[in-house]
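**Student:** Structure supplied as data17.txt; contents: compact mmCIF, C-alpha atoms.
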```
# COMPACT_ATOMS: atom_id res chain seq x y z
CA MET A 193 83.57 94.41 81.88
CA SER A 194 87.34 94.14 82.08
CA LEU A 195 87.83 97.82 82.89
CA VAL A 196 88.32 99.26 86.37
CA LEU A 197 87.60 102.85 85.32
CA ASP A 198 83.98 103.61 86.12
CA PRO A 199 81.56 103.93 83.19
CA THR A 200 80.84 107.62 83.86
CA ALA A 201 84.52 108.40 83.43
CA GLN A 202 84.73 106.16 80.35
CA ASP A 203 81.90 108.16 78.80
CA LEU A 204 83.37 111.52 79.81
CA LEU A 205 86.81 110.80 78.38
CA PHE A 206 86.16 108.49 75.42
CA ARG A 207 82.73 107.04 74.67
CA GLU A 208 80.59 110.19 74.68
CA ALA A 209 83.35 112.79 74.29
CA ARG A 210 83.50 114.19 70.79
CA THR A 211 85.52 116.64 68.73
CA ALA A 212 83.42 119.82 68.92
CA ASN A 213 82.92 122.12 65.95
CA THR A 214 80.74 124.70 67.74
CA PHE A 215 80.94 126.12 71.25
CA THR A 216 78.86 128.17 73.69
CA ASP A 217 80.08 131.61 74.80
CA GLU A 218 81.05 130.37 78.26
CA PRO A 219 84.69 131.34 78.90
CA VAL A 220 87.43 128.85 79.67
CA THR A 221 89.31 130.21 82.68
CA ASP A 222 93.02 130.14 83.45
CA GLU A 223 92.07 128.11 86.55
CA GLN A 224 90.59 125.42 84.31
CA VAL A 225 93.71 125.32 82.15
CA GLN A 226 95.85 125.09 85.28
CA ALA A 227 93.75 122.18 86.59
CA ILE A 228 94.03 120.40 83.23
CA TYR A 229 97.81 120.85 83.19
CA ASP A 230 98.19 119.77 86.81
CA LEU A 231 96.46 116.49 85.92
CA VAL A 232 98.01 115.64 82.57
CA LYS A 233 101.57 116.66 83.40
CA TYR A 234 101.84 113.23 85.04
CA GLY A 235 101.37 111.34 81.77
CA PRO A 236 104.54 109.40 80.87
CA THR A 237 107.12 110.47 78.30
CA SER A 238 110.51 108.96 77.33
CA MET A 239 112.96 109.82 80.10
CA ASN A 240 110.38 112.34 81.36
CA GLN A 241 111.33 114.62 78.45
CA SER A 242 108.04 116.52 78.69
CA PRO A 243 108.57 118.54 75.47
CA LEU A 244 104.98 119.80 75.08
CA ARG A 245 104.50 123.56 75.19
CA VAL A 246 101.13 125.31 75.13
CA THR A 247 100.40 128.78 73.76
CA LEU A 248 96.98 130.09 74.83
CA VAL A 249 95.68 132.48 72.20
CA ARG A 250 93.54 134.86 74.25
CA SER A 251 93.83 138.34 72.75
CA PRO A 252 91.50 139.19 69.84
CA GLU A 253 94.49 140.43 67.88
CA ALA A 254 96.39 137.15 68.28
CA ARG A 255 93.26 135.15 67.51
CA GLU A 256 92.83 137.05 64.27
CA ARG A 257 96.43 136.34 63.29
CA LEU A 258 96.01 132.64 64.05
CA VAL A 259 92.76 132.27 62.10
CA GLN A 260 94.53 133.42 58.94
CA HIS A 261 96.84 130.40 59.15
CA MET A 262 94.04 127.86 59.60
CA ALA A 263 92.60 125.82 56.73
CA GLU A 264 89.45 127.47 55.41
CA GLY A 265 87.19 124.82 56.93
CA ASN A 266 88.68 125.47 60.37
CA GLN A 267 88.65 129.28 60.35
CA GLN A 268 85.14 129.98 61.59
CA LYS A 269 85.31 127.64 64.58
CA THR A 270 88.81 128.81 65.50
CA ALA A 271 87.54 132.40 65.48
CA ALA A 272 84.52 131.52 67.64
CA ALA A 273 85.91 129.06 70.25
CA PRO A 274 86.11 130.39 73.83
CA LEU A 275 89.77 129.42 74.01
CA VAL A 276 92.30 128.29 71.42
CA ALA A 277 95.63 126.64 72.25
CA ILE A 278 98.63 126.06 70.00
CA LEU A 279 100.39 122.84 71.05
CA SER A 280 104.06 122.65 70.11
CA ALA A 281 107.16 120.53 70.72
CA ASP A 282 110.23 122.12 72.31
CA ASN A 283 113.14 120.75 70.28
CA GLU A 284 115.55 122.00 72.94
CA PHE A 285 113.82 119.95 75.66
CA HIS A 286 117.16 118.45 76.66
CA GLU A 287 118.06 121.70 78.41
CA GLU A 288 115.44 120.82 81.06
CA LEU A 289 116.58 117.21 81.59
CA PRO A 290 118.82 117.97 84.59
CA GLU A 291 115.64 119.20 86.31
CA LEU A 292 113.31 116.53 84.88
CA PHE A 293 115.50 113.42 85.17
CA PRO A 294 117.77 114.19 88.15
CA HIS A 295 118.84 110.61 88.89
CA PHE A 296 120.68 110.40 85.53
CA PRO A 297 122.72 113.59 85.16
CA GLN A 298 124.12 112.49 81.79
CA ALA A 299 120.65 112.46 80.19
CA LYS A 300 121.10 115.90 78.68
CA ASP A 301 124.35 114.83 77.00
CA LEU A 302 122.55 112.08 75.07
CA PHE A 303 120.74 114.74 73.09
CA PHE A 304 123.57 117.04 72.17
CA GLY A 305 124.65 116.90 68.57
CA GLU A 306 122.25 116.51 65.67
CA ARG A 307 119.08 118.52 66.08
CA SER A 308 117.18 115.98 63.98
CA ALA A 309 117.50 113.32 66.70
CA ARG A 310 116.01 115.72 69.23
CA GLU A 311 113.23 116.67 66.82
CA GLY A 312 112.17 113.05 66.44
CA SER A 313 112.04 112.47 70.16
CA ALA A 314 110.31 115.80 70.79
CA ALA A 315 107.69 115.10 68.12
CA LEU A 316 106.81 111.67 69.54
CA ASN A 317 106.71 112.71 73.16
CA ALA A 318 104.92 116.01 72.58
CA ALA A 319 102.29 114.07 70.60
CA LEU A 320 101.80 111.73 73.56
CA GLN A 321 101.38 114.78 75.77
CA ALA A 322 98.99 116.38 73.25
CA ALA A 323 96.77 113.31 73.64
CA TYR A 324 96.97 113.58 77.43
CA PHE A 325 96.02 117.25 77.07
CA ILE A 326 92.96 116.39 74.98
CA ILE A 327 91.94 113.84 77.63
CA GLY A 328 92.52 116.52 80.28
CA VAL A 329 90.27 119.01 78.49
CA ARG A 330 87.56 116.37 78.57
CA ALA A 331 88.30 115.66 82.25
CA ALA A 332 87.45 119.32 82.88
CA GLY A 333 84.01 118.79 81.34
CA LEU A 334 84.99 120.69 78.22
CA ALA A 335 85.10 119.67 74.58
CA ALA A 336 88.32 119.75 72.57
CA GLY A 337 88.51 120.44 68.85
CA PRO A 338 92.02 119.38 67.79
CA MET A 339 93.00 120.46 64.28
CA THR A 340 95.95 119.73 62.01
CA GLY A 341 94.48 121.52 59.00
CA LEU A 342 96.66 124.62 59.17
CA ASP A 343 99.78 126.26 57.77
CA PHE A 344 102.37 124.90 60.21
CA ALA A 345 105.22 127.05 58.95
CA GLY A 346 103.02 130.12 59.18
CA VAL A 347 101.92 129.36 62.75
CA GLN A 348 105.53 128.69 63.76
CA LYS A 349 106.72 131.97 62.29
CA GLU A 350 103.83 133.97 63.73
CA PHE A 351 103.71 132.55 67.28
CA LEU A 352 106.76 130.38 68.01
CA ASP A 353 110.46 130.33 67.20
CA ASP A 354 112.94 128.05 65.45
CA ASP A 355 113.17 125.80 68.51
CA HIS A 356 109.44 125.06 68.71
CA SER A 357 107.54 122.97 66.15
CA PRO A 358 103.75 123.31 66.15
CA LEU A 359 101.83 120.01 66.41
CA MET A 360 98.20 121.09 66.31
CA VAL A 361 95.75 123.78 67.32
CA VAL A 362 93.00 122.90 69.79
CA ASN A 363 89.69 124.72 70.23
CA ILE A 364 88.40 124.42 73.79
CA GLY A 365 84.99 125.17 75.30
CA LYS A 366 81.53 123.91 76.15
CA PRO A 367 79.97 122.32 73.05
CA GLY A 368 77.39 124.50 71.31
CA GLU A 369 74.49 123.68 68.99
CA ASP A 370 75.03 120.89 66.48
CA ALA A 371 78.54 120.59 67.88
CA TRP A 372 79.48 117.43 66.04
CA PHE A 373 78.88 115.17 63.10
CA PRO A 374 77.68 111.59 63.62
CA ARG A 375 80.59 109.56 64.92
CA SER A 376 82.66 107.95 62.17
CA PRO A 377 83.29 104.18 62.29
CA ARG A 378 86.29 102.75 64.08
CA LEU A 379 88.46 99.86 62.93
CA GLY A 380 87.57 96.50 64.41
CA PHE A 381 89.84 94.84 66.95
CA ASP A 382 91.02 92.31 64.37
CA GLN A 383 92.01 95.06 61.95
CA VAL A 384 94.30 96.63 64.54
CA VAL A 385 95.56 93.94 66.88
CA THR A 386 97.59 90.89 65.85
CA THR A 387 99.27 88.30 68.06
CA VAL A 388 102.63 86.62 67.55
CA MET B 222 88.69 121.82 91.74
CA SER B 223 88.03 122.73 88.14
CA LEU B 224 87.88 119.12 86.96
CA VAL B 225 84.68 117.13 86.42
CA LEU B 226 86.47 113.75 86.34
CA ASP B 227 86.17 112.20 89.77
CA PRO B 228 89.34 112.02 91.90
CA THR B 229 89.44 108.21 91.90
CA ALA B 230 89.63 108.23 88.11
CA GLN B 231 92.21 111.02 88.17
CA ASP B 232 94.38 108.90 90.43
CA LEU B 233 93.87 105.74 88.38
CA LEU B 234 94.80 107.36 85.07
CA PHE B 235 97.32 110.07 86.01
CA ARG B 236 98.12 110.96 89.58
CA GLU B 237 98.90 107.53 91.03
CA ALA B 238 99.50 105.62 87.79
CA ARG B 239 103.16 105.02 87.16
CA THR B 240 105.43 103.43 84.56
CA ALA B 241 106.05 99.95 85.98
CA ASN B 242 109.43 98.24 85.83
CA THR B 243 108.37 95.00 87.55
CA PHE B 244 105.18 92.95 87.28
CA THR B 245 103.39 90.12 89.06
CA ASP B 246 102.83 86.81 87.24
CA GLU B 247 99.12 87.47 86.75
CA PRO B 248 98.31 87.10 83.04
CA VAL B 249 96.81 89.85 80.91
CA THR B 250 93.94 88.29 78.97
CA ASP B 251 92.78 88.89 75.42
CA GLU B 252 89.48 90.04 76.95
CA GLN B 253 91.32 92.80 78.80
CA VAL B 254 93.10 93.92 75.63
CA GLN B 255 89.78 93.90 73.78
CA ALA B 256 88.19 96.04 76.51
CA ILE B 257 91.11 98.48 76.37
CA TYR B 258 90.84 98.76 72.60
CA ASP B 259 87.06 99.15 72.67
CA LEU B 260 87.51 102.16 74.96
CA VAL B 261 90.47 103.94 73.41
CA LYS B 262 89.47 103.45 69.78
CA TYR B 263 87.22 106.48 70.31
CA GLY B 264 90.11 108.86 70.95
CA PRO B 265 90.30 111.47 68.18
CA THR B 266 92.76 111.46 65.28
CA SER B 267 93.09 113.73 62.22
CA MET B 268 90.30 112.80 59.82
CA ASN B 269 89.80 109.65 61.93
CA GLN B 270 92.96 108.23 60.34
CA SER B 271 93.42 105.72 63.18
CA PRO B 272 96.89 104.53 62.07
CA LEU B 273 97.86 102.73 65.31
CA ARG B 274 98.49 99.02 65.01
CA VAL B 275 99.21 96.71 67.95
CA THR B 276 101.27 93.51 67.89
CA LEU B 277 100.82 91.40 71.02
CA VAL B 278 103.97 89.39 71.65
CA ARG B 279 102.61 86.29 73.38
CA SER B 280 104.70 83.31 72.31
CA PRO B 281 107.94 82.63 74.23
CA GLU B 282 109.79 82.40 70.93
CA ALA B 283 108.59 85.82 69.78
CA ARG B 284 109.29 87.33 73.19
CA GLU B 285 112.85 86.07 73.02
CA ARG B 286 113.31 87.62 69.58
CA LEU B 287 111.92 90.94 70.80
CA VAL B 288 114.08 91.09 73.93
CA GLN B 289 117.20 90.97 71.79
CA HIS B 290 116.22 94.24 70.14
CA MET B 291 115.59 96.08 73.41
CA ALA B 292 118.17 98.34 75.06
CA GLU B 293 120.07 96.47 77.71
CA GLY B 294 118.33 98.27 80.56
CA ASN B 295 114.93 97.23 79.17
CA GLN B 296 115.66 93.56 78.44
CA GLN B 297 114.92 91.98 81.79
CA LYS B 298 111.55 93.65 82.29
CA THR B 299 110.52 93.00 78.69
CA ALA B 300 111.34 89.31 79.20
CA ALA B 301 109.36 89.17 82.46
CA ALA B 302 106.23 91.26 81.77
CA PRO B 303 102.94 89.29 81.53
CA LEU B 304 102.21 90.88 78.15
CA VAL B 305 104.28 92.95 75.75
CA ALA B 306 102.83 94.99 72.89
CA ILE B 307 104.63 96.56 69.93
CA LEU B 308 102.83 99.76 68.91
CA SER B 309 103.33 100.82 65.32
CA ALA B 310 102.04 103.31 62.75
CA ASP B 311 100.46 102.04 59.53
CA ASN B 312 101.91 104.30 56.83
CA GLU B 313 99.30 103.01 54.39
CA PHE B 314 96.43 104.09 56.65
CA HIS B 315 94.84 105.98 53.77
CA GLU B 316 93.65 102.68 52.33
CA GLU B 317 91.15 102.49 55.23
CA LEU B 318 89.86 106.07 54.89
CA PRO B 319 86.85 105.16 52.73
CA GLU B 320 85.70 103.04 55.71
CA LEU B 321 86.84 105.47 58.42
CA PHE B 322 85.77 108.80 56.91
CA PRO B 323 82.78 107.88 54.73
CA HIS B 324 81.28 111.37 54.45
CA PHE B 325 84.34 112.59 52.50
CA PRO B 326 85.09 109.98 49.84
CA GLN B 327 88.04 111.97 48.49
CA ALA B 328 89.94 111.67 51.77
CA LYS B 329 91.99 108.75 50.54
CA ASP B 330 93.13 110.72 47.49
CA LEU B 331 94.68 113.43 49.68
CA PHE B 332 97.28 110.92 50.78
CA PHE B 333 98.33 109.42 47.49
CA GLY B 334 101.71 110.46 46.24
CA GLU B 335 104.71 110.99 48.47
CA ARG B 336 105.00 108.38 51.20
CA SER B 337 106.77 110.91 53.45
CA ALA B 338 103.58 112.97 53.83
CA ARG B 339 101.70 109.87 54.97
CA GLU B 340 104.52 108.92 57.34
CA GLY B 341 104.34 112.29 59.09
CA SER B 342 100.59 112.08 59.56
CA ALA B 343 100.77 108.42 60.62
CA ALA B 344 103.52 109.17 63.16
CA LEU B 345 101.59 112.01 64.80
CA ASN B 346 98.25 110.26 64.91
CA ALA B 347 99.60 106.87 65.96
CA ALA B 348 101.44 108.65 68.80
CA LEU B 349 98.15 110.22 69.93
CA GLN B 350 96.62 106.76 69.88
CA ALA B 351 99.61 105.28 71.73
CA ALA B 352 98.89 107.75 74.54
CA TYR B 353 95.21 106.76 74.53
CA PHE B 354 96.34 103.12 74.69
CA ILE B 355 98.54 103.80 77.73
CA ILE B 356 95.57 105.53 79.40
CA GLY B 357 93.42 102.53 78.46
CA VAL B 358 95.85 100.07 80.05
CA ARG B 359 95.56 102.10 83.24
CA ALA B 360 91.76 102.17 82.89
CA ALA B 361 91.90 98.37 83.01
CA GLY B 362 93.65 98.55 86.38
CA LEU B 363 96.96 97.55 84.86
CA ALA B 364 100.32 99.28 84.72
CA ALA B 365 101.97 100.20 81.43
CA GLY B 366 105.71 100.31 80.87
CA PRO B 367 106.20 102.20 77.60
CA MET B 368 109.75 102.04 76.19
CA THR B 369 111.53 103.77 73.33
CA GLY B 370 114.95 102.38 74.20
CA LEU B 371 115.14 99.76 71.47
CA ASP B 372 116.51 99.04 68.01
CA PHE B 373 113.61 100.35 65.90
CA ALA B 374 114.97 99.05 62.60
CA GLY B 375 115.51 95.64 64.14
CA VAL B 376 111.99 95.46 65.59
CA GLN B 377 110.52 96.57 62.28
CA LYS B 378 112.46 93.93 60.35
CA GLU B 379 111.69 91.18 62.85
CA PHE B 380 107.98 91.81 63.48
CA LEU B 381 106.54 94.31 60.98
CA ASP B 382 106.96 95.21 57.31
CA ASP B 383 108.00 98.24 55.26
CA ASP B 384 104.56 99.79 55.68
CA HIS B 385 104.60 99.78 59.49
CA SER B 386 106.92 101.96 61.60
CA PRO B 387 107.36 100.92 65.24
CA LEU B 388 106.70 103.70 67.79
CA MET B 389 107.36 102.00 71.12
CA VAL B 390 107.11 98.76 73.04
CA VAL B 391 104.80 98.59 76.06
CA ASN B 392 105.06 96.14 78.95
CA ILE B 393 101.64 95.46 80.50
CA GLY B 394 100.63 93.82 83.77
CA LYS B 395 99.92 94.22 87.45
CA PRO B 396 102.80 96.07 89.12
CA GLY B 397 105.18 93.86 91.10
CA GLU B 398 107.57 94.57 93.95
CA ASP B 399 109.47 97.85 93.81
CA ALA B 400 107.69 98.52 90.54
CA TRP B 401 108.79 102.10 90.14
CA PHE B 402 111.33 104.74 90.99
CA PRO B 403 110.26 107.87 92.90
CA ARG B 404 108.33 110.11 90.56
CA SER B 405 110.50 112.60 88.67
CA PRO B 406 109.63 116.31 88.85
CA ARG B 407 107.33 117.89 86.30
CA LEU B 408 107.71 121.29 84.69
CA GLY B 409 105.72 124.06 86.33
CA PHE B 410 102.70 125.58 84.61
CA ASP B 411 104.61 128.74 83.80
CA GLN B 412 107.40 126.77 82.15
CA VAL B 413 104.94 125.15 79.74
CA VAL B 414 102.02 127.51 79.19
CA THR B 415 102.27 131.03 77.76
CA THR B 416 99.46 133.39 76.79
CA VAL B 417 99.32 135.73 73.82
```
Before anything else, please render the file you have as structure tokens.
**Tutor:**
Amino acid sequence: MSLVLDPTAQDLLFREARTANTFTDEPVTDEQVQAIYDLVKYGPTSMNQSPLRVTLVRSPEARERLVQHMAEGNQQKTAAAPLVAILSADNEFHEELPELFPHFPQAKDLFFGERSAREGSAALNAALQAAYFIIGVRAAGLAAGPMTGLDFAGVQKEFLDDDHSPLMVVNIGKPGEDAWFPRSPRLGFDQVVTTV
Amino acid sequence: MSLVLDPTAQDLLFREARTANTFTDEPVTDEQVQAIYDLVKYGPTSMNQSPLRVTLVRSPEARERLVQHMAEGNQQKTAAAPLVAILSADNEFHEELPELFPHFPQAKDLFFGERSAREGSAALNAALQAAYFIIGVRAAGLAAGPMTGLDFAGVQKEFLDDDHSPLMVVNIGKPGEDAWFPRSPRLGFDQVVTTV
């Protein structure tokens, strides 16, 4: 084996971890979410931009509103998951750069001007952080159910504002009965990696 | 602690792992890259789209061509790293969906038509996989140096084709002397997470 990470951790995070479609009733606590964040906040982003924002949908009323914006095939599991999180990108992330990148005070100035440049950087870096978040959910011994089958404009209007673009919705909890389909095939190394 | 992942693995992947700016001369082998891929290929993507593609820049001639497209501040470390990888998104990923998502044969058809819809999905999902790849490099006991300071159009023209959009370039190796700056601050939990 060429990996240093021990096999138990490999299984927990990648090999045996799966996207869950059903969950038990066991709650996901704020302490668990805090522990997940306190681990994955260290994942790298461009210039430490850290644009990911997380909206925990806890109230039954908010959950009901969210479910209506999910694709039909995602509604039942989104209604039933112990916790649901909306992951979004803060397109005004540059406002935090003086705090996040203190050794380069001009960093914020690089992102003034066209909003579209900020949106591209926010989308990439928030997606990196969304992946770290999924890994973090698994590190907490929980299953994640990330979903992009949803009405993004509807979720933005209902839960966010013009400065925040939703990336995905993630169901979180202990996997329930028949929680997943058989694993789908992956591309072979030679289909993905080339050398020049 | 609310995490199941053991503290050694937490340190290896997040808490002590850092973006390296210098590297030792120790080579990164194809076996290591294979082991990294065979771990992180299991990370989830929308409909198992798996659009990430990896170009390993191994020849001195190719490395020289790549360095010229990096931002000035990234050139020296890109020239010196034991291995450099270009991570890109395959915007024609839907061609592989019959293999990757066999239980839904119509999946490929959802992505015919406008290329821009495929590009958005490829960008998000390849970014998720780029984050898994960075985690995988760390799981191999190596340091990653992901960079977005580069001429993307130039890298695409030089190394890819119209169907592949570069996301970032990653230096890979054992960290060298003075490999990193002090860690920059992270946003607090309450700056990132809200509850509704």
**Student:** Give me, as a ChimeraX atom specification, the residues of chain A touching chain B, with the criterion being at most 7 Å (counting all atoms listed in the file).
**Tutor:** /A:194-197,201,206-207,223-224,226-227,229,231-235,238,245-251,254,292-293,316,319-320,323-324,331-333,340,376-378,381,384-388
**Student:** Name the closest residue to Ala343 in chain B among the candidates B:Asp399, B:Glu285, B:Glu313, B:Glu379; distances are taken between atoms, counting only C-alpha atoms.
**Tutor:**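 With only C-alpha atoms as the atom set, the closest residue is B:Glu313.
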**Student:** Please compute the CA of Phe215 in chain A-CA of Ala271 in chain A distance, one decimal, in Å.
**Tutor:**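 That distance, rounded to one decimal, is 10.8 Å.
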**Student:** Contacts of Phe344 in chain A at 8 Å or less, counting only C-alpha atoms, minus same-chain residues fewer than 2 places along, as a list in words?
**Tutor:**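 The contact residues come out as His261, Leu342, Gly346, Val347, Gln348, Pro358 and Leu359 of chain A.
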**Student:** For CA of Gly341 in chain B and CA of Leu275 in chain A, quote the distance in Å rounded to one decimal.
**Tutor:**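 According to the coordinates, CA of Gly341 in chain B and CA of Leu275 in chain A are separated by 27.0 Å.
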**Student:** What is the distance, in Å and to one decimal place, between CA of Ile393 in chain B and CA of Pro303 in chain B?
**Tutor:**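 A separation of 6.4 Å between them.
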**Student:** Taking all atoms listed in the file into account, name the residue in A:Ala281, A:Val361, A:Ala263, A:Ala335 that is nearest to Ala212 in chain A.
**Tutor:**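 Distance minimum relative to Ala212 in chain A lands on A:Ala335.
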**Student:** Using all atoms of range 277-290 of chain A listed in the file and a margin of 5 Å per side, can you give the axis-aligned box centre and edge lengths in Å to one decimal, as lines of an AutoDock Vina configuration file?
**Tutor:**
```
center_x = 107.2
center_y = 121.9
center_z = 77.3
size_x = 33.2
size_y = 19.4
size_z = 24.6
```
**Student:** Just checking: using only C-alpha atoms, which residue out of A:Leu258, A:Leu352, A:Asp343, A:Asp301 ends up closest to Thr270 in chain A?
**Tutor:**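 Counting only C-alpha atoms, the residue closest to Thr270 in chain A is A:Leu258.
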